[in-house]
Amino acid sequence: MSNDTNNTRGSNGRRVGTLRRAVVTAAALALTGTAAFAVLAERGAGQPAGTAGTAGGKTAGASTTIDPALPAPTVDMAIVRESEDDGKSVNLTLDDGPDPRWTQKALELLKRYKAKAVFCLTGPNAAAHPDLVRRIVAEGHRLCDHSVSHDVAMDKKPVSYQEKEILDAKRMIDEASDGERIWYYRAPGGAFTAQSRQIAAAHGMRNLGWNVDPGDFRQPGADTIVRTVKDQLSTGPTVLLHDGGGNRAQTMEALERLLLWFVEERYVFSFPKAG
């Protein structure tokens, strides 16, 4: 046996083994698609200015690999931000309601300007205000599941927890709406995972991201909300606003001004794609 062979079985052998494991790992990633790269890409995709770390639907778990331990999707698992309508359109979305004061105000404004919106409801708020949930549907808007607890760290929790958050909220919204369609699921804070997206898609809910985030939940002032929405619309049509979770007087003032501006600028009020 040569000295070279002896060296290979010694310290050099450990280096060769390490190299082989690296090659096998790389090959495995290639064979399973580009899931790891896709997750990293999604963390930075579609991120509007001033919303570092949110990426219009944060760590979206961008892999499209189906988890056989979970029900199969019935709609596309991908996060949607695009409009159903081509051309100059806007998708208004309102999170964290329904709220007796602010949701009613939002509905009045939308009706006045013949606009439509997606209402992303938390389960307990829907259960507490079924009249508002039914009114949302009756006036031509769409429902979205926004979880039970609004846990922005749910992407760090077990899959069983994510599933319970999504499906318990769906059950509450179903009961409040008398079984009307829930078109979308939006993870709190954009905390999606591949598994949560599959769970939502298996129950007919498209995963809903956003392009425009004026940070209205921080109450920066109506002027700032309006200006930020206008500035960020070039990134895409889906606007994130809030009708729950706190005092939304600034949001409602901004919404009224934005609705007038959208009409004057000849925007089409659309919905995000749901297929």
# chains A, B, ... in the order shown; residues from 1 in each chain; ligands from 1
$ residues_around --residues "A:Arg135" --least-positions-apart "4" --cutoff "10 Å" --atoms "only C-alpha atoms" --output "PDB file with C-alpha atoms, in the first residue's frame"
ATOM      1  CA  GLN A 104     -68.100  50.657   9.325  1.00  0.00           C
ATOM      2  CA  LEU A 107     -67.344  50.426   4.288  1.00  0.00           C
ATOM      3  CA  PRO A 130     -70.810  38.707  12.498  1.00  0.00           C
ATOM      4  CA  ASP A 131     -73.055  41.536  11.322  1.00  0.00           C
ATOM      5  CA  GLU A 139     -71.422  45.021  -0.255  1.00  0.00           C
ATOM      6  CA  GLY A 140     -69.237  43.150  -2.709  1.00  0.00           C
ATOM      7  CA  HIS A 141     -65.954  42.900  -0.845  1.00  0.00           C
ATOM      8  CA  SER A 177     -70.379  34.857   7.404  1.00  0.00           C
TER       9      SER A 177
END
$ residues_around --residues "A:Cys144" --least-positions-apart "4" --cutoff "7 Å" --atoms "only C-alpha atoms" --output "mmCIF file with C-alpha atoms, in the first residue's frame"
data_model
loop_
_atom_site.group_PDB
_atom_site.id
_atom_site.type_symbol
_atom_site.label_atom_id
_atom_site.label_comp_id
_atom_site.auth_asym_id
_atom_site.auth_seq_id
_atom_site.Cartn_x
_atom_site.Cartn_y
_atom_site.Cartn_z
ATOM 1 C CA VAL A 118 -60.267 42.683 0.791
ATOM 2 C CA PHE A 119 -60.936 42.560 4.537
ATOM 3 C CA CYS A 120 -58.378 40.432 6.376
ATOM 4 C CA LEU A 121 -60.213 39.360 9.528
ATOM 5 C CA ILE A 182 -62.842 33.093 2.204
ATOM 6 C CA TRP A 183 -60.701 34.023 -0.757
ATOM 7 C CA TYR A 184 -57.305 34.605 0.841
ATOM 8 C CA TYR A 185 -55.037 33.970 3.804
ATOM 9 C CA ARG A 186 -52.624 36.648 5.006
#
$ closest_residue --among "A:Gln162, A:Ser149, A:Thr235, A:Thr224" --to "A:Arg81" --atoms "only C-alpha atoms"
A:Thr235
$ select_by_dssp --residues "stretch 108-225 of chain A" --states "helix (DSSP H, G or I)" --output "VMD selection string"
chain A and resid 108 to 112 123 to 128 130 to 138 154 to 156 159 to 177 188 to 190 194 to 202 216 to 218 222 to 225
$ closest_residue --among "A:Asp99, A:Glu180, A:Asp213, A:Glu108" --to "A:Asn247" --atoms "only C-alpha atoms"
A:Asp99
$ atom_distance --atom1 "atom CA of A:Gln232" --atom2 "atom CA of A:Asp96"
21.8 Å
